[in-house]
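Engineer: File final_39.cif below, mmCIF, C-alpha atoms:
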data_work
#
loop_
_atom_site.label_atom_id
_atom_site.label_comp_id
_atom_site.auth_asym_id
_atom_site.auth_seq_id
_atom_site.Cartn_x
_atom_site.Cartn_y
_atom_site.Cartn_z
CA ARG A 1 101.78 99.01 108.69
CA THR A 2 101.31 95.45 109.89
CA VAL A 3 104.19 93.71 111.61
CA GLY A 4 104.20 90.17 112.98
CA CYS A 5 104.36 86.51 112.17
CA GLY A 6 100.89 85.45 111.15
CA PRO A 7 97.32 86.59 111.88
CA ALA A 8 97.31 85.48 115.53
CA ARG A 9 100.37 87.57 116.26
CA SER A 10 99.69 90.57 114.03
CA VAL A 11 100.34 94.08 115.31
CA MET A 12 99.18 97.28 113.67
CA VAL A 13 101.42 100.29 114.24
CA SER A 14 100.06 103.71 113.33
CA SER A 15 101.51 107.19 113.73
CA GLY A 16 99.65 110.11 115.21
CA GLU A 17 100.38 113.62 114.00
CA ALA A 18 99.72 115.61 117.16
CA ALA A 19 102.65 118.02 117.04
CA GLU A 20 102.48 118.56 113.27
CA SER A 21 98.72 119.23 113.25
CA GLU A 22 98.84 121.70 116.10
CA ALA A 23 101.91 123.44 114.70
CA LEU A 24 100.15 123.88 111.35
CA LEU A 25 97.06 125.31 113.02
CA LEU A 26 99.13 127.71 115.09
CA ALA A 27 101.08 128.76 112.01
CA GLY A 28 97.82 129.30 110.13
CA VAL A 29 96.38 131.53 112.83
CA THR A 30 99.65 133.50 112.98
CA VAL A 31 99.65 134.02 109.20
CA VAL A 32 96.06 135.28 109.29
CA VAL A 33 96.91 137.75 112.06
CA VAL A 34 100.01 139.02 110.23
CA LEU A 35 98.30 139.36 106.83
CA LEU A 36 95.12 141.00 108.04
CA GLY A 37 96.74 143.08 110.77
CA ARG A 38 94.86 146.34 111.21
CA ARG A 39 91.75 145.06 109.42
CA LEU A 40 91.17 142.66 112.26
CA LEU A 41 91.19 145.52 114.75
CA ARG A 42 88.04 146.86 113.04
CA HIS A 43 86.29 143.52 113.68
CA PRO A 44 86.37 142.75 117.40
CA TRP A 45 84.34 139.56 116.88
CA TRP A 46 87.04 138.04 114.66
CA CYS A 47 89.72 139.19 117.08
CA GLY A 48 87.86 137.33 119.80
CA VAL A 49 87.58 134.16 117.70
CA LEU A 50 91.29 134.17 116.88
CA GLY A 51 92.14 134.87 120.52
CA VAL A 52 90.10 131.86 121.64
CA LEU A 53 91.79 129.69 119.01
CA LEU A 54 95.23 130.76 120.23
CA VAL A 55 94.31 129.98 123.83
CA LEU A 56 92.95 126.55 122.87
CA LEU A 57 96.08 125.72 120.90
CA VAL A 58 98.33 126.70 123.79
CA VAL A 59 96.27 125.06 126.58
CA ARG A 60 95.37 122.00 124.46
CA PRO A 61 92.38 120.65 126.40
CA ALA A 62 92.10 116.88 126.01
CA PRO A 63 88.82 116.80 124.00
CA LEU A 64 90.20 119.28 121.44
CA THR A 65 93.50 117.42 121.16
CA ARG A 66 91.64 114.16 120.56
CA VAL A 67 89.48 115.67 117.81
CA ILE A 68 92.35 117.39 116.01
CA THR A 69 95.09 114.79 116.34
CA GLY A 70 93.40 111.46 117.06
CA TRP A 71 95.50 111.16 120.24
CA PRO A 72 94.86 109.26 122.38
CA PRO A 73 93.23 106.64 120.15
CA PRO A 74 89.71 105.50 121.11
CA GLY A 75 89.66 102.45 123.34
CA TRP A 76 93.31 102.71 124.43
CA ARG A 77 94.26 100.20 127.14
CA LEU A 78 97.82 101.19 128.02
CA ALA A 79 99.71 104.40 127.32
CA MET A 80 103.44 104.87 127.75
CA CYS A 81 104.17 108.56 128.28
CA ASP A 82 107.18 110.21 126.67
CA VAL A 83 108.94 111.50 129.80
CA GLY A 84 112.55 111.32 128.63
CA GLN A 85 114.90 109.01 130.51
CA GLY A 86 112.43 107.51 132.94
CA ASP A 87 109.16 105.58 133.18
CA ALA A 88 105.50 106.65 133.33
CA THR A 89 102.80 104.24 132.17
CA VAL A 90 99.01 104.67 132.36
CA LEU A 91 96.44 101.86 132.39
CA ALA A 92 92.93 102.87 131.31
CA ALA A 93 90.43 102.16 134.10
CA GLY A 94 87.27 103.88 132.79
CA ALA A 95 86.24 107.32 131.55
CA GLY A 96 88.79 109.88 132.75
CA THR A 97 90.30 107.26 135.05
CA GLY A 98 93.71 105.58 134.97
CA VAL A 99 96.09 103.58 137.12
CA VAL A 100 99.50 105.26 136.88
CA VAL A 101 102.63 103.14 137.11
CA ASP A 102 105.65 105.37 137.81
CA ALA A 103 105.78 109.13 137.43
CA GLY A 104 108.92 109.81 135.39
CA PRO A 105 111.60 112.36 136.27
CA ASP A 106 109.74 115.59 135.43
CA PRO A 107 106.38 116.74 136.89
CA ALA A 108 105.58 118.89 133.84
CA LEU A 109 106.06 116.02 131.36
CA VAL A 110 103.89 113.50 133.20
CA ASP A 111 101.21 116.13 133.90
CA HIS A 112 101.14 116.98 130.19
CA CYS A 113 100.78 113.31 129.27
CA LEU A 114 97.92 112.76 131.72
CA ARG A 115 96.13 115.88 130.50
CA GLU A 116 96.33 114.67 126.90
CA LEU A 117 94.95 111.30 127.99
CA GLY A 118 92.11 113.07 129.82
CA ILE A 119 92.99 111.49 133.19
CA THR A 120 91.38 113.27 136.15
CA ARG A 121 90.86 110.34 138.55
CA ILE A 122 93.58 107.92 139.65
CA PRO A 123 92.53 105.03 141.90
CA LEU A 124 96.16 103.98 142.34
CA VAL A 125 99.67 105.24 141.64
CA VAL A 126 102.23 102.42 141.66
CA LEU A 127 105.81 103.59 142.18
CA THR A 128 107.87 100.56 141.24
CA HIS A 129 110.98 101.74 143.13
CA PHE A 130 112.44 104.95 144.46
CA HIS A 131 114.91 106.05 141.79
CA ALA A 132 114.27 109.66 140.75
CA ASP A 133 113.53 108.80 137.12
CA HIS A 134 110.45 106.91 138.40
CA VAL A 135 109.26 109.12 141.29
CA ALA A 136 110.46 112.73 140.82
CA GLY A 137 107.47 113.51 138.58
CA LEU A 138 104.97 112.58 141.31
CA PRO A 139 103.87 116.21 141.93
CA GLY A 140 102.75 116.33 138.28
CA VAL A 141 100.59 113.22 138.77
CA LEU A 142 99.01 114.64 141.94
CA ARG A 143 98.42 118.11 140.46
CA GLY A 144 94.68 118.78 140.18
CA ARG A 145 93.68 115.10 140.17
CA GLU A 146 91.72 112.88 142.51
CA VAL A 147 94.26 110.29 143.68
CA ALA A 148 93.03 107.54 146.02
CA GLN A 149 96.22 105.68 146.93
CA ILE A 150 99.96 105.33 146.29
CA GLU A 151 101.60 101.92 146.40
CA THR A 152 105.36 101.42 146.57
CA THR A 153 108.02 98.80 146.99
CA GLY A 154 109.09 98.02 150.54
CA PHE A 155 112.79 98.67 149.83
CA GLU A 156 113.07 102.37 150.70
CA GLU A 157 116.28 103.28 148.93
CA PRO A 158 117.45 105.84 147.95
CA ALA A 159 116.26 107.21 151.29
CA ASP A 160 115.91 110.82 150.11
CA GLN A 161 113.58 109.82 147.28
CA ALA A 162 111.51 107.59 149.57
CA GLU A 163 111.15 110.55 151.95
CA PHE A 164 110.18 112.78 149.01
CA VAL A 165 107.35 110.38 148.11
CA ARG A 166 106.12 110.21 151.71
CA ARG A 167 106.16 114.01 151.93
CA GLN A 168 104.23 114.46 148.69
CA ALA A 169 101.66 111.87 149.77
CA ALA A 170 101.20 113.55 153.14
CA GLU A 171 100.78 117.01 151.60
CA HIS A 172 98.01 115.68 149.33
CA ARG A 173 96.53 113.39 151.99
CA VAL A 174 97.02 110.28 149.90
CA PRO A 175 97.59 107.02 151.82
CA VAL A 176 100.70 104.97 150.99
CA THR A 177 100.73 101.16 151.03
CA ARG A 178 103.28 98.50 150.17
CA ALA A 179 103.01 96.13 147.18
CA VAL A 180 103.73 92.46 147.82
CA ALA A 181 103.74 89.50 145.42
CA GLY A 182 100.40 87.71 145.34
CA GLU A 183 98.27 90.82 145.75
CA ARG A 184 95.35 91.01 143.28
CA ARG A 185 93.32 94.13 142.53
CA ARG A 186 90.73 95.51 140.13
CA ALA A 187 89.84 98.97 138.84
CA GLY A 188 87.11 99.27 136.21
CA PRO A 189 87.99 96.99 133.29
CA LEU A 190 91.47 96.31 134.72
CA ASP A 191 92.64 93.54 136.94
CA TRP A 192 96.22 92.91 137.93
CA ARG A 193 98.45 90.79 140.08
CA VAL A 194 101.64 91.85 141.82
CA LEU A 195 104.43 89.45 140.84
CA TRP A 196 107.35 91.07 142.66
CA PRO A 197 108.77 91.85 145.24
CA PRO A 198 108.20 88.77 147.41
CA PRO A 199 106.74 89.13 150.90
CA ASP A 200 108.94 89.06 153.99
CA PRO A 201 111.08 87.26 154.82
CA ALA A 202 112.78 87.78 151.48
CA PRO A 203 116.43 88.04 150.44
CA GLU A 204 117.83 91.57 150.53
CA PRO A 205 117.73 92.86 146.93
CA ASP A 206 120.96 93.81 145.18
CA GLY A 207 119.63 97.35 144.96
CA PRO A 208 116.51 99.42 144.25
CA ASN A 209 116.13 98.05 140.70
CA ASP A 210 115.74 94.46 141.90
CA ALA A 211 113.14 95.61 144.45
CA SER A 212 110.90 96.96 141.66
CA VAL A 213 107.19 96.22 141.73
CA ALA A 214 106.30 94.00 138.75
CA LEU A 215 102.70 93.62 137.56
CA LEU A 216 100.78 91.28 135.27
CA VAL A 217 97.79 93.26 134.00
CA ARG A 218 94.68 92.10 132.11
CA SER A 219 92.41 94.41 130.15
CA ALA A 220 89.94 93.45 127.39
CA GLY A 221 91.67 90.10 126.98
CA LEU A 222 95.13 91.66 126.70
CA ARG A 223 97.88 90.44 129.02
CA MET A 224 100.45 93.12 129.81
CA LEU A 225 103.62 92.58 131.83
CA LEU A 226 105.26 95.58 133.52
CA LEU A 227 108.71 94.78 134.91
CA GLY A 228 109.84 98.09 136.43
CA ASP A 229 113.65 98.10 136.44
CA LEU A 230 114.18 94.45 137.41
CA GLU A 231 117.64 93.15 136.52
CA PRO A 232 118.80 89.52 135.96
CA PRO A 233 119.03 88.41 139.63
CA ALA A 234 115.39 89.32 140.32
CA GLN A 235 114.26 88.24 136.83
CA GLN A 236 115.77 84.79 137.47
CA GLU A 237 114.07 84.60 140.88
CA LEU A 238 110.79 85.54 139.20
CA LEU A 239 111.31 82.68 136.75
CA ARG A 240 111.71 80.29 139.67
CA SER A 241 108.60 81.57 141.43
CA PRO A 242 105.05 80.17 141.03
CA ALA A 243 104.14 83.31 139.07
CA ALA A 244 106.28 82.13 136.11
CA ALA A 245 103.56 79.66 135.12
CA GLY A 246 101.35 82.55 133.97
CA LEU A 247 103.92 84.58 132.06
CA GLY A 248 104.05 82.75 128.73
CA ARG A 249 103.44 84.74 125.54
CA VAL A 250 102.09 88.02 126.85
CA ASP A 251 100.65 90.63 124.49
CA VAL A 252 102.59 93.64 125.77
CA LEU A 253 105.86 93.86 127.67
CA LYS A 254 107.05 97.03 129.37
CA VAL A 255 110.73 96.19 128.99
CA ALA A 256 112.68 96.30 132.23
CA HIS A 257 115.14 99.10 132.99
CA HIS A 258 114.63 101.14 129.82
CA GLY A 259 115.85 98.29 127.63
CA SER A 260 119.25 98.04 129.28
CA ALA A 261 121.61 95.19 128.47
CA TYR A 262 120.83 93.58 131.86
CA GLN A 263 118.03 91.19 130.86
CA ASP A 264 117.61 87.47 131.43
CA PRO A 265 117.27 85.81 127.98
CA GLN A 266 115.25 82.92 129.42
CA LEU A 267 112.61 85.32 130.73
CA LEU A 268 112.39 87.09 127.37
CA ARG A 269 111.93 83.74 125.62
CA LEU A 270 109.19 82.70 128.05
CA VAL A 271 107.34 86.02 127.85
CA ALA A 272 107.70 86.24 124.01
CA PRO A 273 105.66 89.46 123.78
CA ARG A 274 103.80 90.56 120.68
CA VAL A 275 104.80 94.17 121.44
CA ALA A 276 107.75 95.34 123.53
CA LEU A 277 107.63 98.96 124.73
CA ILE A 278 110.76 100.75 125.92
CA SER A 279 110.72 104.06 127.78
CA CYS A 280 113.99 105.94 127.37
CA GLY A 281 115.34 109.38 126.64
CA ALA A 282 116.89 110.53 123.38
CA ASP A 283 120.69 110.45 123.43
CA ASN A 284 120.72 109.22 127.03
CA PRO A 285 124.22 108.59 128.47
CA TYR A 286 123.47 104.96 129.38
CA GLY A 287 123.09 103.62 125.85
CA HIS A 288 119.49 102.58 126.49
CA PRO A 289 118.08 100.61 124.88
CA ALA A 290 120.96 98.19 124.35
CA PRO A 291 121.16 96.90 120.74
CA GLY A 292 121.49 93.34 122.07
CA THR A 293 118.25 93.65 124.05
CA VAL A 294 116.38 95.00 121.04
CA ALA A 295 117.76 92.13 118.92
CA GLU A 296 116.70 89.53 121.50
CA LEU A 297 113.18 90.95 121.64
CA ARG A 298 112.87 90.88 117.87
CA ALA A 299 114.21 87.33 117.81
CA VAL A 300 111.25 86.17 119.94
CA GLY A 301 108.81 87.87 117.55
CA ALA A 302 108.21 91.21 119.28
CA VAL A 303 107.53 94.51 117.58
CA VAL A 304 109.84 96.88 119.47
CA LEU A 305 108.81 100.51 119.98
CA ARG A 306 110.63 103.13 122.05
CA THR A 307 109.68 106.57 123.29
CA ASP A 308 112.96 108.24 122.33
CA ARG A 309 112.17 107.63 118.64
CA ASP A 310 108.42 106.97 118.54
CA GLY A 311 107.14 109.40 121.19
CA ALA A 312 104.26 108.48 123.48
CA LEU A 313 102.71 105.09 122.72
CA ALA A 314 99.17 103.76 123.20
CA VAL A 315 97.99 100.16 122.92
CA THR A 316 94.47 99.29 121.75
CA GLY A 317 92.77 96.03 120.83
CA GLY A 318 91.97 92.92 122.78
CA GLY A 319 91.68 89.15 122.89
CA THR A 320 88.68 86.90 122.29
CA GLY A 321 88.12 83.66 124.15
CA GLY A 322 91.74 83.47 125.23
CA GLU A 323 93.01 83.84 121.66
CA ALA A 324 95.25 86.71 120.55
CA GLY A 325 93.16 89.29 118.73
CA GLU A 326 94.14 92.36 116.78
CA LEU A 327 96.61 94.54 118.62
CA HIS A 328 97.26 98.15 117.64
CA VAL A 329 99.90 100.59 118.87
CA ALA A 330 99.44 104.29 118.12
CA ARG A 331 102.33 106.74 118.23
CA ASP A 332 101.71 110.33 119.30
#
Could you write out this file's structure as C-alpha cells?
Structural biologist:
Amino acid sequence: RTVGCGPARSVMVSSGEAAESEALLLAGVTVVVVLLGRRLLRHPWWCGVLGVLLVLLVVRPAPLTRVITGWPPPGWRLAMCDVGQGDATVLAAGAGTGVVVDAGPDPALVDHCLRELGITRIPLVVLTHFHADHVAGLPGVLRGREVAQIETTGFEEPADQAEFVRRQAAEHRVPVTRAVAGERRRAGPLDWRVLWPPPDPAPEPDGPNDASVALLVRSAGLRMLLLGDLEPPAQQELLRSPAAAGLGRVDVLKVAHHGSAYQDPQLLRLVAPRVALISCGADNPYGHPAPGTVAELRAVGAVVLRTDRDGALAVTGGGTGGEAGELHVARD
C-alpha cells in the first residue's frame, strides 16, 4: 500500500511472509513423512532429500531464506531488527557487510537477525549508550563475524554494562573507541556524521539516555537519523547545536527511546521524517510507544512502523539529485 502526502513524500509499505512460508514448508515436509512413513524407509535417497530439507528449514541459511521469503529485500539500506524491548539497527555497507548500531538485549535475537541479513563482516559496531537493552546482545553480534571496531559513548554508566562491553571487546580482540560530535566516517556506500554527544568539556548528561550517540546517515541519497535514547534535554541541546541546520526533513527517523513520551516536539517538526521506525517489545511494561508520540509523528507526515506489531523492518529506495525518491519499507 502507498502512504504519504504526494509523490515526493510517498512511501511503499510491503509485508514479507517469512514465518508463514517456512512454517508451511515445514508442515508440508512433516505431512509427507507421516503419510508415506515406512515407504520412505525403502527409498534412502528420498529420506536423504527430506532430511536435507528439514535441516535447511531449521538452520535457515540466508540465501535460502531470501529465495523463499523475499527477506531481506534486494537493495535494503537500513534494517531494524526485531529484538523485543531494545534496539538493534543494521546499515548496509556492501555485500555481506553492515554497520551495526546497538545490539539489543538478547544475543540470540540479534545473531538471528544478522544471519537472515547475511551479515558476516562488520566494520563498526556503534553502542549508543550502556543500558542493557542496547548492549547485552553484543556477544550475538560478535559471534562468528569479522568485527573491526566498537564505538561507544563516553559516559560509562551503568558501570557494570560498560565493563561487560569492554570485556567482550577484549575477548574478541576488537578495539573500542569513543564517538564524539563532528566525527565523519564512511563504509562502502554509507557515510555518516556523529551529532551527539558533544566533545569535552561538555555538561554532565542527566543520565545514560542523554549521553546516547546520535548519527545522521546517508546512503543512496537517503538521509537517516538515528537518535539512540535521547530525551528532551539532549534533544533541545541538539536543536541549539550547529548540527540542527542539516536535520530538516529526513527520510527515515529511528525514533528515540523506543517511542517514549519523552520527545521534543520542535525536533520532530524540524526532522519531519517520511518514515518513523520504532523498536519496542510487545506488551512492554513502559507503554512504548506512547500514543502521543505516534500521533505527533503522524501529524508531521510520517508513516509510523514498529517492531512489536510489524516485526523486523527494512528500508529500500533512494533519492535523486537531492530530491526525495521512492521509499519502500518491507516487513519481515
Engineer: Using only C-alpha atoms, can you tell me which of A:Val180, A:Ala211, A:Ala302, A:Val329 comes closest to Val250 of chain A?
Structural biologist: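 That would be A:Ala302, the residue with the smallest distance to Val250 of chain A.
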Engineer: Atom CA of Gly104 of chain A to atom CA of Val271 of chain A: how many Å, to one decimal?
Structural biologist: 25.0 Å
Engineer: Run the PyMOL selection byres ((chain A and resi 105-112) around 6) against the file shown and list the residues it catches, as an mmCIF file with C-alpha atoms, keeping the file's coordinate frame.
Structural biologist:
data_model
loop_
_atom_site.group_PDB
_atom_site.id
_atom_site.type_symbol
_atom_site.label_atom_id
_atom_site.label_comp_id
_atom_site.auth_asym_id
_atom_site.auth_seq_id
_atom_site.Cartn_x
_atom_site.Cartn_y
_atom_site.Cartn_z
ATOM 1 C CA VAL A 83 108.940 111.500 129.800
ATOM 2 C CA GLY A 86 112.430 107.510 132.940
ATOM 3 C CA GLY A 104 108.920 109.810 135.390
ATOM 4 C CA CYS A 113 100.780 113.310 129.270
ATOM 5 C CA LEU A 114 97.920 112.760 131.720
ATOM 6 C CA ARG A 115 96.130 115.880 130.500
ATOM 7 C CA ALA A 132 114.270 109.660 140.750
ATOM 8 C CA ASP A 133 113.530 108.800 137.120
ATOM 9 C CA HIS A 134 110.450 106.910 138.400
ATOM 10 C CA ALA A 136 110.460 112.730 140.820
ATOM 11 C CA GLY A 137 107.470 113.510 138.580
ATOM 12 C CA PRO A 139 103.870 116.210 141.930
ATOM 13 C CA GLY A 140 102.750 116.330 138.280
ATOM 14 C CA VAL A 141 100.590 113.220 138.770
#
Engineer: Expand the PyMOL selection byres ((chain A and resi 91) around 6) into the explicit residue set it covers here, and present it as a CSV table (one decimal) with C-alpha atoms, keeping the file's coordinate frame.
Structural biologist:
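Heads up, here's the output in expr_13.csv:
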chain,number,residue,atom,x,y,z
A,77,ARG,CA,94.3,100.2,127.1
A,78,LEU,CA,97.8,101.2,128.0
A,90,VAL,CA,99.0,104.7,132.4
A,92,ALA,CA,92.9,102.9,131.3
A,98,GLY,CA,93.7,105.6,135.0
A,99,VAL,CA,96.1,103.6,137.1
Engineer: Which distance in Å separates atom CA of Arg218 of chain A and atom CA of Trp192 of chain A, to one decimal?
Structural biologist: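 Separation of atom CA of Arg218 of chain A and atom CA of Trp192 of chain A: 6.1 Å.
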Engineer: Show which residues sit within 10 Å of Pro273 of chain A, as a list in words. Count only C-alpha atoms, and ignore same-chain residues fewer than 2 positions away.
Structural biologist: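 Near Pro273 of chain A, the qualifying residues are Arg9, Arg223, Met224, Leu225, Leu247, Gly248, Arg249, Val250, Asp251, Val252, Leu253, Lys254, Val255, Leu268, Arg269, Leu270, Val271, Val275, Ala276, Leu277, Leu297, Arg298, Val300, Gly301, Ala302, Val303 and Val304 of chain A.
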Engineer: Between A:Arg166, A:His129, A:His328, A:His172, which is the closest to Arg143 of chain A once you count only C-alpha atoms?
Structural biologist: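 Going through A:Arg166, A:His129, A:His328, A:His172 one by one, the smallest distance to Arg143 of chain A is for A:His172.
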Engineer: Name the residues captured by the PyMOL selection byres ((chain A and resi 330) around 9) when it is applied to the shown file; answer as number ranges by chain.
Structural biologist: A: 12-16, 71-73, 76, 312-316, 328-329, 331-332
Engineer: Using all atoms listed in the file, give me every residue within 6 Å of (102.2, 100.9, 151.0) in file coordinates, as an MDAnalysis selection string.
Structural biologist: chainID A and resid 151:152 176:178
Engineer: From the set A:Gln236, A:Thr128, A:Gln85, A:Asn284, which residue has the shortest atom-to-atom contact distance to Gly154 of chain A, counting only C-alpha atoms?
Structural biologist: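 Of all the options, A:Thr128 lies closest to Gly154 of chain A.
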Engineer: Fewer than 5 positions away in the same chain doesn't count, so skip those; otherwise give me all residues within 7 Å of Ala290 of chain A, counting only C-alpha atoms, as a ChimeraX atom specification.
Structural biologist: /A:259-261
Engineer: For Pro197 of chain A, list every protein, DNA or RNA residue within 12 Å, evaluated using all atoms listed in the file, and leave out those in the same chain fewer than 6 positions away; present the list as a JSON list (two decimals) with C-alpha atoms, keeping the file's coordinate frame.
Structural biologist:
[["chain", "number", "residue", "atom", "x", "y", "z"],
["A", 128, "THR", "CA", 107.87, 100.56, 141.24],
["A", 129, "HIS", "CA", 110.98, 101.74, 143.13],
["A", 152, "THR", "CA", 105.36, 101.42, 146.57],
["A", 153, "THR", "CA", 108.02, 98.80, 146.99],
["A", 154, "GLY", "CA", 109.09, 98.02, 150.54],
["A", 155, "PHE", "CA", 112.79, 98.67, 149.83],
["A", 178, "ARG", "CA", 103.28, 98.50, 150.17],
["A", 179, "ALA", "CA", 103.01, 96.13, 147.18],
["A", 180, "VAL", "CA", 103.73, 92.46, 147.82],
["A", 181, "ALA", "CA", 103.74, 89.50, 145.42],
["A", 182, "GLY", "CA", 100.40, 87.71, 145.34],
["A", 183, "GLU", "CA", 98.27, 90.82, 145.75],
["A", 203, "PRO", "CA", 116.43, 88.04, 150.44],
["A", 204, "GLU", "CA", 117.83, 91.57, 150.53],
["A", 205, "PRO", "CA", 117.73, 92.86, 146.93],
["A", 208, "PRO", "CA", 116.51, 99.42, 144.25],
["A", 209, "ASN", "CA", 116.13, 98.05, 140.70],
["A", 210, "ASP", "CA", 115.74, 94.46, 141.90],
["A", 211, "ALA", "CA", 113.14, 95.61, 144.45],
["A", 212, "SER", "CA", 110.90, 96.96, 141.66],
["A", 213, "VAL", "CA", 107.19, 96.22, 141.73],
["A", 214, "ALA", "CA", 106.30, 94.00, 138.75],
["A", 215, "LEU", "CA", 102.70, 93.62, 137.56],
["A", 227, "LEU", "CA", 108.71, 94.78, 134.91],
["A", 228, "GLY", "CA", 109.84, 98.09, 136.43],
["A", 229, "ASP", "CA", 113.65, 98.10, 136.44],
["A", 230, "LEU", "CA", 114.18, 94.45, 137.41],
["A", 234, "ALA", "CA", 115.39, 89.32, 140.32],
["A", 235, "GLN", "CA", 114.26, 88.24, 136.83],
["A", 237, "GLU", "CA", 114.07, 84.60, 140.88],
["A", 238, "LEU", "CA", 110.79, 85.54, 139.20],
["A", 241, "SER", "CA", 108.60, 81.57, 141.43],
["A", 243, "ALA", "CA", 104.14, 83.31, 139.07]]
Engineer: Taking into account only C-alpha atoms, which residue in the set A:Glu171, A:Val217, A:Gly311, A:Met80 is nearest to Asp191 of chain A?
Structural biologist: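 The answer is A:Val217, which sits nearest to Asp191 of chain A.
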Engineer: Work out how far apart atom CA of Leu142 of chain A and atom CA of Gly188 of chain A are and give it in Å to one decimal.
Structural biologist: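 Separation of atom CA of Leu142 of chain A and atom CA of Gly188 of chain A: 20.3 Å.
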Engineer: Please list as a PDB file with C-alpha atoms, in the frame of the given file every residue within 9 Å of Pro289 of chain A, counting only C-alpha atoms and excluding residues in the same chain fewer than 3 positions away.
Structural biologist:
ATOM      1  CA  HIS A 257     115.140  99.100 132.990  1.00  0.00           C
ATOM      2  CA  HIS A 258     114.630 101.140 129.820  1.00  0.00           C
ATOM      3  CA  GLY A 259     115.850  98.290 127.630  1.00  0.00           C
ATOM      4  CA  SER A 260     119.250  98.040 129.280  1.00  0.00           C
ATOM      5  CA  ALA A 261     121.610  95.190 128.470  1.00  0.00           C
ATOM      6  CA  ILE A 278     110.760 100.750 125.920  1.00  0.00           C
ATOM      7  CA  SER A 279     110.720 104.060 127.780  1.00  0.00           C
ATOM      8  CA  CYS A 280     113.990 105.940 127.370  1.00  0.00           C
ATOM      9  CA  TYR A 286     123.470 104.960 129.380  1.00  0.00           C
ATOM     10  CA  GLY A 292     121.490  93.340 122.070  1.00  0.00           C
ATOM     11  CA  THR A 293     118.250  93.650 124.050  1.00  0.00           C
ATOM     12  CA  VAL A 294     116.380  95.000 121.040  1.00  0.00           C
ATOM     13  CA  ARG A 306     110.630 103.130 122.050  1.00  0.00           C
TER      14      ARG A 306
END
Engineer: Which residues are close to Gly318 of chain A, i.e. within 9 Å by all atoms listed in the file, leaving aside same-chain residues fewer than 6 positions away? Reply as a ChimeraX atom specification.
Structural biologist: /A:77,219-223,324-327
Engineer: Keeping C-alpha atoms for every residue in the selection just given, could you write it to a file as a compact mmCIF listing (two decimals), in the frame of the given file?
Structural biologist:
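Output below, filename selection.txt:
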# COMPACT_ATOMS: atom_id res chain seq x y z
CA ARG A 77 94.26 100.20 127.14
CA SER A 219 92.41 94.41 130.15
CA ALA A 220 89.94 93.45 127.39
CA GLY A 221 91.67 90.10 126.98
CA LEU A 222 95.13 91.66 126.70
CA ARG A 223 97.88 90.44 129.02
CA ALA A 324 95.25 86.71 120.55
CA GLY A 325 93.16 89.29 118.73
CA GLU A 326 94.14 92.36 116.78
CA LEU A 327 96.61 94.54 118.62
Engineer: Restricting the calculation to all atoms listed in the file, which member of A:Ala79, A:Arg184, A:Ile122, A:Glu116 is positioned closest to Arg145 of chain A?
Structural biologist: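 Counting all atoms listed in the file, the residue closest to Arg145 of chain A is A:Ile122.
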Engineer: Place N, CA and C atoms on segment 190-203 of chain A and deliver the coordinates as a PDB file, in the frame of the given file.
Structural biologist:
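See rebuild30.pdb below for the written result:
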ATOM      1  N   LEU A 190      90.130  96.853 134.442  1.00  0.00           N
ATOM      2  CA  LEU A 190      91.470  96.310 134.720  1.00  0.00           C
ATOM      3  C   LEU A 190      91.434  95.298 135.850  1.00  0.00           C
ATOM      4  N   ASP A 191      92.260  94.275 135.737  1.00  0.00           N
ATOM      5  CA  ASP A 191      92.640  93.540 136.940  1.00  0.00           C
ATOM      6  C   ASP A 191      94.112  93.209 136.825  1.00  0.00           C
ATOM      7  N   TRP A 192      94.768  93.136 137.971  1.00  0.00           N
ATOM      8  CA  TRP A 192      96.220  92.910 137.930  1.00  0.00           C
ATOM      9  C   TRP A 192      96.661  92.153 139.169  1.00  0.00           C
ATOM     10  N   ARG A 193      97.835  91.551 139.005  1.00  0.00           N
ATOM     11  CA  ARG A 193      98.450  90.790 140.080  1.00  0.00           C
ATOM     12  C   ARG A 193      99.866  91.288 140.276  1.00  0.00           C
ATOM     13  N   VAL A 194     100.261  91.491 141.511  1.00  0.00           N
ATOM     14  CA  VAL A 194     101.640  91.850 141.820  1.00  0.00           C
ATOM     15  C   VAL A 194     102.480  90.579 141.789  1.00  0.00           C
ATOM     16  N   LEU A 195     103.543  90.602 140.984  1.00  0.00           N
ATOM     17  CA  LEU A 195     104.430  89.450 140.840  1.00  0.00           C
ATOM     18  C   LEU A 195     105.685  89.569 141.706  1.00  0.00           C
ATOM     19  N   TRP A 196     106.088  90.804 141.965  1.00  0.00           N
ATOM     20  CA  TRP A 196     107.350  91.070 142.660  1.00  0.00           C
ATOM     21  C   TRP A 196     107.239  92.418 143.328  1.00  0.00           C
ATOM     22  N   PRO A 197     107.811  92.663 144.480  1.00  0.00           N
ATOM     23  CA  PRO A 197     108.770  91.850 145.240  1.00  0.00           C
ATOM     24  C   PRO A 197     108.058  90.824 146.121  1.00  0.00           C
ATOM     25  N   PRO A 198     108.792  89.791 146.558  1.00  0.00           N
ATOM     26  CA  PRO A 198     108.200  88.770 147.410  1.00  0.00           C
ATOM     27  C   PRO A 198     107.928  89.312 148.809  1.00  0.00           C
ATOM     28  N   PRO A 199     107.006  88.686 149.529  1.00  0.00           N
ATOM     29  CA  PRO A 199     106.740  89.130 150.900  1.00  0.00           C
ATOM     30  C   PRO A 199     107.903  88.771 151.823  1.00  0.00           C
ATOM     31  N   ASP A 200     107.923  89.400 152.982  1.00  0.00           N
ATOM     32  CA  ASP A 200     108.940  89.060 153.990  1.00  0.00           C
ATOM     33  C   ASP A 200     108.653  87.677 154.559  1.00  0.00           C
ATOM     34  N   PRO A 201     109.648  86.915 154.970  1.00  0.00           N
ATOM     35  CA  PRO A 201     111.080  87.260 154.820  1.00  0.00           C
ATOM     36  C   PRO A 201     111.546  86.981 153.401  1.00  0.00           C
ATOM     37  N   ALA A 202     112.285  87.916 152.852  1.00  0.00           N
ATOM     38  CA  ALA A 202     112.780  87.780 151.480  1.00  0.00           C
ATOM     39  C   ALA A 202     114.251  88.171 151.471  1.00  0.00           C
ATOM     40  N   PRO A 203     115.017  87.650 150.520  1.00  0.00           N
ATOM     41  CA  PRO A 203     116.430  88.040 150.440  1.00  0.00           C
ATOM     42  C   PRO A 203     116.556  89.535 150.193  1.00  0.00           C
TER      43      PRO A 203
END
